[in-house]
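Visitor: The following file, my_file02.cif, comprises mmCIF, C-alpha atoms:
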```cif
data_query
loop_
_atom_site.label_atom_id
_atom_site.label_comp_id
_atom_site.auth_asym_id
_atom_site.auth_seq_id
_atom_site.Cartn_x
_atom_site.Cartn_y
_atom_site.Cartn_z
CA PRO A 1 189.07 228.63 -30.51
CA LEU A 2 186.93 231.16 -32.40
CA ILE A 3 188.14 234.18 -34.38
CA SER A 4 186.22 237.44 -34.55
CA PRO A 5 184.92 238.24 -38.07
CA ASP A 6 187.49 241.05 -38.45
CA GLY A 7 190.30 238.64 -37.52
CA SER A 8 191.63 240.75 -34.66
CA LYS A 9 190.54 238.66 -31.66
CA LEU A 10 190.94 235.02 -30.67
CA PHE A 11 188.41 233.69 -28.15
CA PHE A 12 188.65 230.34 -26.40
CA SER A 13 187.48 228.58 -23.23
CA ARG A 14 189.93 227.51 -20.54
CA ALA A 15 189.16 224.90 -17.86
CA PHE A 16 190.83 223.79 -14.60
CA TYR A 17 192.83 227.00 -14.26
CA LYS A 18 193.42 228.86 -11.01
CA GLU A 19 193.02 232.30 -12.63
CA ASN A 20 189.48 231.55 -13.82
CA VAL A 21 186.80 233.63 -12.07
CA GLY A 22 185.65 230.65 -10.01
CA GLY A 23 189.12 229.20 -9.54
CA GLU A 24 190.57 225.91 -10.69
CA LEU A 25 187.61 223.67 -9.79
CA ALA A 26 184.74 225.87 -11.02
CA GLY A 27 183.50 226.13 -14.59
CA MET A 28 185.32 227.29 -17.71
CA ASP A 29 186.12 230.93 -18.45
CA ILE A 30 186.19 232.70 -21.79
CA TRP A 31 189.63 234.07 -22.58
CA ILE A 32 190.70 236.51 -25.29
CA SER A 33 193.92 237.24 -27.13
CA GLU A 34 194.28 240.25 -29.45
CA LYS A 35 196.49 240.52 -32.49
CA ASP A 36 199.18 243.22 -32.48
CA ASN A 37 200.45 245.35 -35.39
CA GLU A 38 202.89 242.61 -36.39
CA GLY A 39 200.13 240.02 -36.60
CA LYS A 40 201.16 238.17 -33.41
CA TRP A 41 198.71 237.12 -30.71
CA GLY A 42 199.14 238.93 -27.41
CA LYS A 43 198.96 237.48 -23.90
CA PRO A 44 195.39 236.27 -23.27
CA HIS A 45 193.22 237.49 -20.41
CA ASN A 46 189.79 236.69 -19.00
CA ASP A 47 188.89 240.21 -17.85
CA LEU A 48 185.66 240.17 -19.82
CA GLY A 49 183.32 241.45 -17.13
CA VAL A 50 179.81 240.03 -17.49
CA TRP A 51 180.86 237.07 -19.64
CA ASN A 52 182.63 235.05 -16.95
CA ASN A 53 181.24 233.61 -13.71
CA ARG A 54 181.45 230.30 -11.84
CA GLU A 55 179.46 228.47 -14.55
CA ASN A 56 180.80 226.96 -17.77
CA ASN A 57 181.25 229.98 -20.02
CA SER A 58 181.76 229.43 -23.71
CA LEU A 59 181.45 231.52 -26.87
CA ILE A 60 179.55 229.80 -29.70
CA GLY A 61 179.35 232.54 -32.32
CA ILE A 62 180.13 236.15 -33.20
CA LYS A 63 177.88 238.26 -35.42
CA LYS A 64 179.68 239.60 -38.47
CA ASP A 65 179.40 243.22 -37.28
CA ASN A 66 181.48 242.22 -34.19
CA ASN A 67 178.91 243.85 -31.88
CA VAL A 68 176.95 240.76 -30.80
CA VAL A 69 178.22 237.46 -29.41
CA TYR A 70 176.37 234.24 -28.64
CA LEU A 71 177.19 232.16 -25.56
CA ILE A 72 176.15 229.02 -23.74
CA ASN A 73 173.65 230.27 -21.17
CA GLY A 74 175.12 230.39 -17.69
CA TYR A 75 173.70 233.74 -16.72
CA SER A 76 169.97 233.27 -16.10
CA LYS A 77 167.37 230.57 -15.45
CA GLY A 78 166.79 228.14 -18.26
CA LYS A 79 169.17 226.30 -20.55
CA GLY A 80 170.09 227.26 -24.07
CA ILE A 81 171.79 230.25 -25.69
CA SER A 82 172.42 233.78 -24.48
CA PHE A 83 173.53 236.85 -26.40
CA SER A 84 175.50 239.90 -25.35
CA LYS A 85 175.61 243.24 -27.18
CA GLN A 86 178.38 245.81 -27.21
CA LEU A 87 177.18 249.32 -26.35
CA GLY A 88 179.57 252.25 -26.00
CA GLY A 89 182.54 249.90 -26.03
CA GLN A 90 181.14 247.82 -23.14
CA TRP A 91 179.51 244.39 -23.27
CA ILE A 92 176.13 244.23 -21.55
CA LYS A 93 175.02 241.31 -19.38
CA PRO A 94 174.06 238.27 -21.51
CA GLU A 95 170.34 237.71 -22.03
CA LEU A 96 168.61 234.42 -22.81
CA LEU A 97 167.75 233.97 -26.49
CA PRO A 98 164.09 232.89 -26.50
CA ILE A 99 164.15 229.65 -28.48
CA LYS A 100 161.80 227.11 -26.87
CA TRP A 101 163.23 223.90 -28.30
CA VAL A 102 166.78 224.83 -27.21
CA GLU A 103 165.97 224.30 -23.53
CA ARG A 104 167.01 220.65 -23.27
CA GLU A 105 168.12 218.56 -20.32
CA GLU A 106 170.81 216.66 -22.23
CA MET A 107 174.17 218.16 -23.13
CA VAL A 108 174.03 220.26 -26.29
CA GLY A 109 176.81 221.83 -28.33
CA TYR A 110 176.21 224.85 -30.57
CA TYR A 111 177.72 226.86 -33.39
CA MET A 112 176.11 230.11 -34.58
CA HIS A 113 177.03 231.41 -38.04
CA PRO A 114 178.06 235.12 -38.20
CA ASP A 115 175.00 235.87 -40.38
CA PHE A 116 172.76 234.74 -37.48
CA ASP A 117 170.54 232.66 -39.77
CA VAL A 118 172.06 229.17 -39.45
CA MET A 119 172.67 227.34 -36.18
CA LEU A 120 174.38 223.96 -35.86
CA LEU A 121 173.79 221.77 -32.81
CA THR A 122 175.21 218.52 -31.48
CA LEU A 123 172.97 216.40 -29.28
CA ASN A 124 171.70 212.91 -28.63
CA ASP A 125 167.93 212.45 -28.73
CA LYS A 126 165.43 209.91 -30.05
CA ASN A 127 166.15 210.83 -33.69
CA SER A 128 169.92 210.56 -33.35
CA ILE A 129 171.85 207.94 -35.30
CA GLY A 130 174.70 207.66 -32.80
CA LYS A 131 176.04 208.96 -29.51
CA GLU A 132 175.91 212.61 -30.61
CA ASP A 133 174.65 213.84 -33.98
CA ILE A 134 174.87 217.17 -35.77
CA TYR A 135 171.58 219.00 -36.38
CA VAL A 136 170.78 222.25 -38.17
CA SER A 137 168.25 224.98 -37.38
CA LEU A 138 167.45 227.76 -39.85
CA LYS A 139 165.86 231.11 -39.08
CA ASP A 140 162.85 231.81 -41.30
CA SER A 141 161.64 235.11 -42.76
CA THR A 142 159.63 235.88 -39.61
CA GLY A 143 162.74 235.60 -37.42
CA THR A 144 161.65 232.26 -35.93
CA TRP A 145 164.20 229.48 -35.48
CA ARG A 146 162.91 226.21 -36.94
CA LYS A 147 163.07 222.92 -35.09
CA PRO A 148 166.49 221.26 -35.60
CA ILE A 149 166.85 218.72 -38.43
CA ASN A 150 169.32 215.82 -38.33
CA LEU A 151 172.00 216.18 -41.03
CA GLY A 152 171.53 212.51 -41.90
CA PRO A 153 173.69 209.38 -42.25
CA THR A 154 176.23 210.91 -44.62
CA ILE A 155 177.45 213.11 -41.75
CA ASN A 156 176.27 211.30 -38.63
CA THR A 157 177.42 207.82 -37.58
CA ALA A 158 177.03 205.35 -34.73
CA GLY A 159 179.90 207.20 -33.03
CA PHE A 160 179.84 210.86 -32.01
CA GLU A 161 179.92 213.93 -34.25
CA ILE A 162 180.73 217.16 -32.41
CA SER A 163 182.16 220.71 -32.74
CA PRO A 164 180.61 221.72 -36.09
CA PHE A 165 181.90 224.81 -37.88
CA LEU A 166 180.38 226.30 -41.05
CA SER A 167 182.52 228.24 -43.52
CA ALA A 168 181.74 231.91 -44.18
CA ASP A 169 179.96 231.07 -47.47
CA LYS A 170 178.05 228.25 -45.68
CA LYS A 171 179.17 225.68 -48.25
CA ARG A 172 181.67 223.72 -46.14
CA LEU A 173 181.06 221.93 -42.88
CA TYR A 174 183.94 221.04 -40.59
CA PHE A 175 183.34 218.71 -37.64
CA SER A 176 184.96 216.10 -35.43
CA SER A 177 183.91 212.45 -35.49
CA SER A 178 184.75 209.15 -33.85
CA GLY A 179 182.55 207.21 -36.29
CA HIS A 180 184.12 207.95 -39.67
CA ASP A 181 187.42 206.28 -40.59
CA GLY A 182 190.20 208.22 -38.89
CA LEU A 183 193.60 208.14 -37.28
CA GLY A 184 192.55 207.83 -33.65
CA ASP A 185 190.22 209.02 -30.91
CA ALA A 186 188.40 211.70 -32.94
CA ASP A 187 189.41 213.29 -36.23
CA ILE A 188 188.40 216.48 -38.01
CA PHE A 189 186.48 216.06 -41.28
CA MET A 190 185.17 218.34 -44.02
CA SER A 191 182.01 217.96 -46.12
CA GLU A 192 180.52 220.19 -48.83
CA ARG A 193 176.86 221.15 -49.11
CA ILE A 194 175.58 219.86 -52.45
CA TYR A 195 172.43 221.93 -52.98
CA GLU A 196 172.26 225.68 -52.48
CA ASN A 197 169.14 225.78 -50.31
CA ASP A 198 169.35 222.38 -48.63
CA TYR A 199 171.32 221.77 -45.43
CA THR A 200 170.57 218.05 -45.26
CA VAL A 201 172.43 216.81 -48.37
CA TRP A 202 176.21 216.73 -48.03
CA SER A 203 179.15 215.17 -49.82
CA THR A 204 180.97 212.22 -48.26
CA PRO A 205 183.11 213.64 -45.41
CA VAL A 206 186.84 213.88 -46.10
CA ASN A 207 189.40 213.35 -43.35
CA LEU A 208 191.70 216.39 -43.15
CA GLY A 209 194.67 214.03 -42.95
CA GLU A 210 197.68 213.45 -40.76
CA LYS A 211 198.94 217.05 -41.06
CA ILE A 212 195.91 218.07 -38.97
CA ASN A 213 194.69 214.91 -37.25
CA SER A 214 196.54 212.65 -34.84
CA SER A 215 195.93 209.43 -32.92
CA SER A 216 194.54 211.58 -30.08
CA PHE A 217 191.45 213.79 -29.74
CA ASP A 218 191.27 216.49 -32.45
CA ALA A 219 188.26 218.80 -32.61
CA TYR A 220 186.85 222.37 -32.52
CA PHE A 221 188.16 223.38 -35.93
CA SER A 222 187.63 226.95 -37.12
CA THR A 223 189.19 229.08 -39.84
CA HIS A 224 189.62 232.70 -40.85
CA ASP A 225 191.35 233.97 -44.01
CA SER A 226 192.99 230.58 -44.70
CA ILE A 227 194.39 230.38 -41.12
CA ILE A 228 193.04 227.39 -39.19
CA TYR A 229 192.66 226.77 -35.45
CA PHE A 230 191.71 223.61 -33.59
CA SER A 231 192.09 221.82 -30.26
CA SER A 232 194.01 218.60 -29.61
CA ASN A 233 195.36 216.65 -26.66
CA ARG A 234 198.12 215.04 -28.75
CA ASN A 235 200.75 216.40 -26.35
CA GLY A 236 199.17 214.56 -23.44
CA GLY A 237 196.94 215.84 -20.65
CA LEU A 238 194.25 218.37 -21.55
CA SER A 239 193.78 220.01 -24.95
CA ASP A 240 195.93 222.80 -26.41
CA ILE A 241 195.13 225.13 -29.30
CA PHE A 242 196.95 224.50 -32.58
CA THR A 243 197.11 226.66 -35.70
CA GLY A 244 198.14 226.25 -39.30
CA LYS A 245 197.54 227.59 -42.78
CA MET A 246 195.40 226.23 -45.56
CA LYS A 247 197.43 225.58 -48.65
CA SER A 248 195.96 226.83 -51.92
CA VAL A 249 195.79 223.83 -54.23
CA GLY A 250 196.45 224.20 -57.93
CA LYS A 251 194.82 222.09 -60.62
CA SER A 252 195.77 218.44 -60.53
CA GLU A 253 197.23 216.57 -63.48
CA THR A 254 193.85 214.89 -63.98
CA GLU A 255 192.02 218.24 -64.06
CA GLN A 256 194.54 219.65 -66.52
CA TYR A 257 194.11 216.60 -68.75
CA ALA A 258 190.32 216.95 -68.59
CA GLU A 259 190.56 220.60 -69.68
CA GLN A 260 192.79 219.58 -72.56
CA LEU A 261 190.22 217.03 -73.73
CA ILE A 262 187.43 219.61 -73.49
CA GLN A 263 189.42 221.99 -75.68
CA GLU A 264 189.88 219.16 -78.18
CA ALA A 265 186.10 218.55 -78.11
CA LYS A 266 185.48 222.23 -78.84
CA GLN A 267 187.86 222.08 -81.78
CA LEU A 268 186.09 218.95 -83.06
CA LEU A 269 182.74 220.76 -82.95
CA LYS A 270 184.15 223.63 -84.99
CA GLU A 271 185.38 221.20 -87.65
CA LEU A 272 182.03 219.38 -87.77
CA ARG A 273 179.98 222.53 -88.25
CA GLY A 274 182.23 223.95 -90.95
CA GLU A 275 181.77 227.62 -91.73
CA SER A 276 178.11 227.85 -90.67
CA GLU A 277 177.19 230.62 -88.25
CA THR A 278 176.57 229.16 -84.82
CA LYS A 279 176.43 230.08 -81.17
CA GLU A 280 177.99 227.66 -78.70
CA LEU A 281 177.75 227.36 -74.95
CA PHE A 282 179.48 224.97 -72.57
CA ILE A 283 177.79 224.24 -69.25
CA GLU A 284 180.18 222.63 -66.77
CA PHE A 285 179.14 220.43 -63.84
CA SER A 286 181.12 219.79 -60.67
CA THR A 287 182.75 216.38 -60.37
CA GLU A 288 180.22 213.64 -59.55
CA SER A 289 177.43 216.17 -59.25
CA THR A 290 174.20 216.73 -61.21
CA ASP A 291 173.71 220.21 -59.79
CA ILE A 292 174.45 223.29 -61.88
CA GLU A 293 176.23 226.11 -60.07
CA SER A 294 174.74 229.60 -60.14
CA GLU A 295 177.28 230.95 -62.65
CA GLN A 296 176.52 228.09 -65.05
CA LYS A 297 172.76 228.57 -64.57
CA LYS A 298 173.13 232.20 -65.63
CA LYS A 299 174.92 231.12 -68.82
CA LEU A 300 172.10 228.68 -69.57
CA ASN A 301 169.41 231.30 -68.91
CA ASP A 302 171.19 233.74 -71.22
CA LEU A 303 171.14 231.11 -73.98
CA VAL A 304 167.40 230.55 -73.50
CA LYS A 305 166.78 234.31 -73.80
CA PHE A 306 168.89 234.39 -76.97
CA LEU A 307 166.97 231.50 -78.55
CA ASN A 308 163.62 233.10 -77.76
CA TYR A 309 164.45 236.00 -80.08
CA GLN A 310 166.27 234.13 -82.84
CA SER A 311 165.33 231.92 -85.75
CA TYR A 312 167.60 228.96 -86.17
CA ASN A 313 167.91 225.95 -88.44
CA GLU A 314 169.50 223.57 -85.98
CA LEU A 315 170.04 223.24 -82.27
CA ALA A 316 172.45 220.51 -81.20
CA LEU A 317 172.99 219.33 -77.65
CA LEU A 318 176.22 217.49 -77.07
CA SER A 319 177.22 215.80 -73.82
CA VAL A 320 180.92 215.61 -73.03
CA ALA A 321 181.94 213.60 -69.96
CA TYR A 322 185.41 212.79 -68.64
CA GLU A 323 186.19 209.54 -66.81
CA PRO A 324 189.27 210.15 -64.59
CA LYS A 325 190.15 206.50 -63.89
CA SER A 326 190.39 205.49 -67.54
CA LYS A 327 191.29 208.99 -68.77
CA THR A 328 188.54 208.66 -71.38
CA LEU A 329 186.41 211.38 -72.93
CA HIS A 330 182.80 210.32 -73.69
CA THR A 331 180.81 212.37 -76.21
CA GLU A 332 177.17 211.89 -77.11
CA ARG A 333 174.83 213.92 -79.31
CA LEU A 334 171.64 214.20 -77.28
CA SER A 335 169.37 216.22 -79.57
CA LYS A 336 169.05 218.06 -82.87
#
```
Would you mind writing the file's structure down as structure tokens?

Guide:
Amino acid sequence: PLISPDGSKLFFSRAFYKENVGGELAGMDIWISEKDNEGKWGKPHNDLGVWNNRENNSLIGIKKDNNVVYLINGYSKGKGISFSKQLGGQWIKPELLPIKWVEREEMVGYYMHPDFDVMLLTLNDKNSIGKEDIYVSLKDSTGTWRKPINLGPTINTAGFEISPFLSADKKRLYFSSSGHDGLGDADIFMSERIYENDYTVWSTPVNLGEKINSSSFDAYFSTHDSIIYFSSNRNGGLSDIFTGKMKSVGKSETEQYAEQLIQEAKQLLKELRGESETKELFIEFSTESTDIESEQKKKLNDLVKFLNYQSYNELALLSVAYEPKSKTLHTERLSK
């Protein structure tokens, strides 16, 4: 299942169905369901003209302007990715996207981000860690797609990792794995990108839990405006599409306690400095991370600019760290 960027259309592939263009025993067809005025999905159809034939037809990405889609190539010679543009309300015949390294003999899975600058692939080649690994390819400033890079052992395992999906802000990766600890056949996991311009360093994948995963095959996760979609064969037979809603999570008791301790540390600093005129700045780091987020970097840069034009008698650097397990606040004066 894949949602159009405007949220109005649900695309998916259907196999072994008599109403497919090639019949029950041919390849998959792309089907579409459109949302009505009440927000309900209408009856799906596969009357998509040039998109469906007797091959395996599958949508792997939709450009954010909704006027270009990316598909597994089943329309011309050569393997890889095709694209189809919408002109005058009609979709033109898919054309092969000229990326040399995409033309592989082995089975490859793809996901194209709506910005058309990040592509995720799943394949098994000589650099793979397991049965199928997730790779990333980035488009450079000249419009050339770089050779895919393995996402590394944090994501990939000796099992298979498939059906990657990248969040709209490109910070969260969702994928299905049989190698990470799960509930059954394959579970859906989430990992966060740690560095802003690096797609090879990720946080330890988190299992989405029993409200999403089952003892059966769960994969092909996607999301749009907090609504999630994925495929599962938990009901037996072939896979069905499931949907749910992401729950907004408030601050935990631990986070609230940490904030309370930070406020106490601020008050302690005020008492230590007395009535002297000072300027203070708190730079906050994400949990278990040494990377400073862009908003915090701006605060730090503003302080540097301020100091460059001021005379000051003392500059103190104080480190305040919170240890969740022991609920302890560590403070250390680093410089004067």

Visitor: Exactly which residues make up the result of the PyMOL selection byres ((chain A and resi 229) around 9) on this file, given as a list in words?

Guide: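 Against this file, the PyMOL selection byres ((chain A and resi 229) around 9) returns the residues Pro1, Leu2, Ile3, Tyr220, Phe221, Ser222, Thr223, His224, Ile227, Ile228, Phe230, Ser231, Ile241, Phe242, Thr243, Gly244 and Lys245 of chain A.
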
Visitor: Specify the axis-aligned box that encloses all atoms of range 79-87 of chain A listed in the file after padding of 6 Å on each side, stating its centre and edge lengths in Å to one decimal as JSON.

Guide:
```
{"center_x": 173.8, "center_y": 237.8, "center_z": -23.9, "size_x": 21.2, "size_y": 35.0, "size_z": 18.7}
```

Visitor: Using the chain letters and numbering of this document, enumerate as number ranges by chain the residues selected by the PyMOL selection byres ((chain A and resi 179-187) around 12).

Guide: A: 129-133, 153-163, 174-178, 188-190, 204-221, 230-234

Visitor: Decode the PyMOL selection byres ((chain A and resi 111-123) around 8) for the given file into explicit residues and return them as an mmCIF file with C-alpha atoms, in the coordinates of the input.

Guide:
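So selection31.cif came out as:
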```
data_model
loop_
_atom_site.group_PDB
_atom_site.id
_atom_site.type_symbol
_atom_site.label_atom_id
_atom_site.label_comp_id
_atom_site.auth_asym_id
_atom_site.auth_seq_id
_atom_site.Cartn_x
_atom_site.Cartn_y
_atom_site.Cartn_z
ATOM 1 C CA PRO A 5 184.920 238.240 -38.070
ATOM 2 C CA ILE A 60 179.550 229.800 -29.700
ATOM 3 C CA GLY A 61 179.350 232.540 -32.320
ATOM 4 C CA ILE A 62 180.130 236.150 -33.200
ATOM 5 C CA LYS A 63 177.880 238.260 -35.420
ATOM 6 C CA LYS A 64 179.680 239.600 -38.470
ATOM 7 C CA TYR A 70 176.370 234.240 -28.640
ATOM 8 C CA GLU A 106 170.810 216.660 -22.230
ATOM 9 C CA MET A 107 174.170 218.160 -23.130
ATOM 10 C CA VAL A 108 174.030 220.260 -26.290
ATOM 11 C CA GLY A 109 176.810 221.830 -28.330
ATOM 12 C CA TYR A 110 176.210 224.850 -30.570
ATOM 13 C CA ASN A 124 171.700 212.910 -28.630
ATOM 14 C CA ASP A 125 167.930 212.450 -28.730
ATOM 15 C CA SER A 128 169.920 210.560 -33.350
ATOM 16 C CA GLU A 132 175.910 212.610 -30.610
ATOM 17 C CA ASP A 133 174.650 213.840 -33.980
ATOM 18 C CA ILE A 134 174.870 217.170 -35.770
ATOM 19 C CA TYR A 135 171.580 219.000 -36.380
ATOM 20 C CA VAL A 136 170.780 222.250 -38.170
ATOM 21 C CA SER A 137 168.250 224.980 -37.380
ATOM 22 C CA LEU A 138 167.450 227.760 -39.850
ATOM 23 C CA LYS A 139 165.860 231.110 -39.080
ATOM 24 C CA ASP A 140 162.850 231.810 -41.300
ATOM 25 C CA PRO A 148 166.490 221.260 -35.600
ATOM 26 C CA GLU A 161 179.920 213.930 -34.250
ATOM 27 C CA ILE A 162 180.730 217.160 -32.410
ATOM 28 C CA SER A 163 182.160 220.710 -32.740
ATOM 29 C CA PRO A 164 180.610 221.720 -36.090
ATOM 30 C CA PHE A 165 181.900 224.810 -37.880
ATOM 31 C CA LEU A 166 180.380 226.300 -41.050
ATOM 32 C CA ALA A 168 181.740 231.910 -44.180
#
```

Visitor: Please measure the separation of CA of Ile92 in chain A and CA of Glu34 in chain A, giving the value in Å to one decimal.

Guide: 20.2 Å
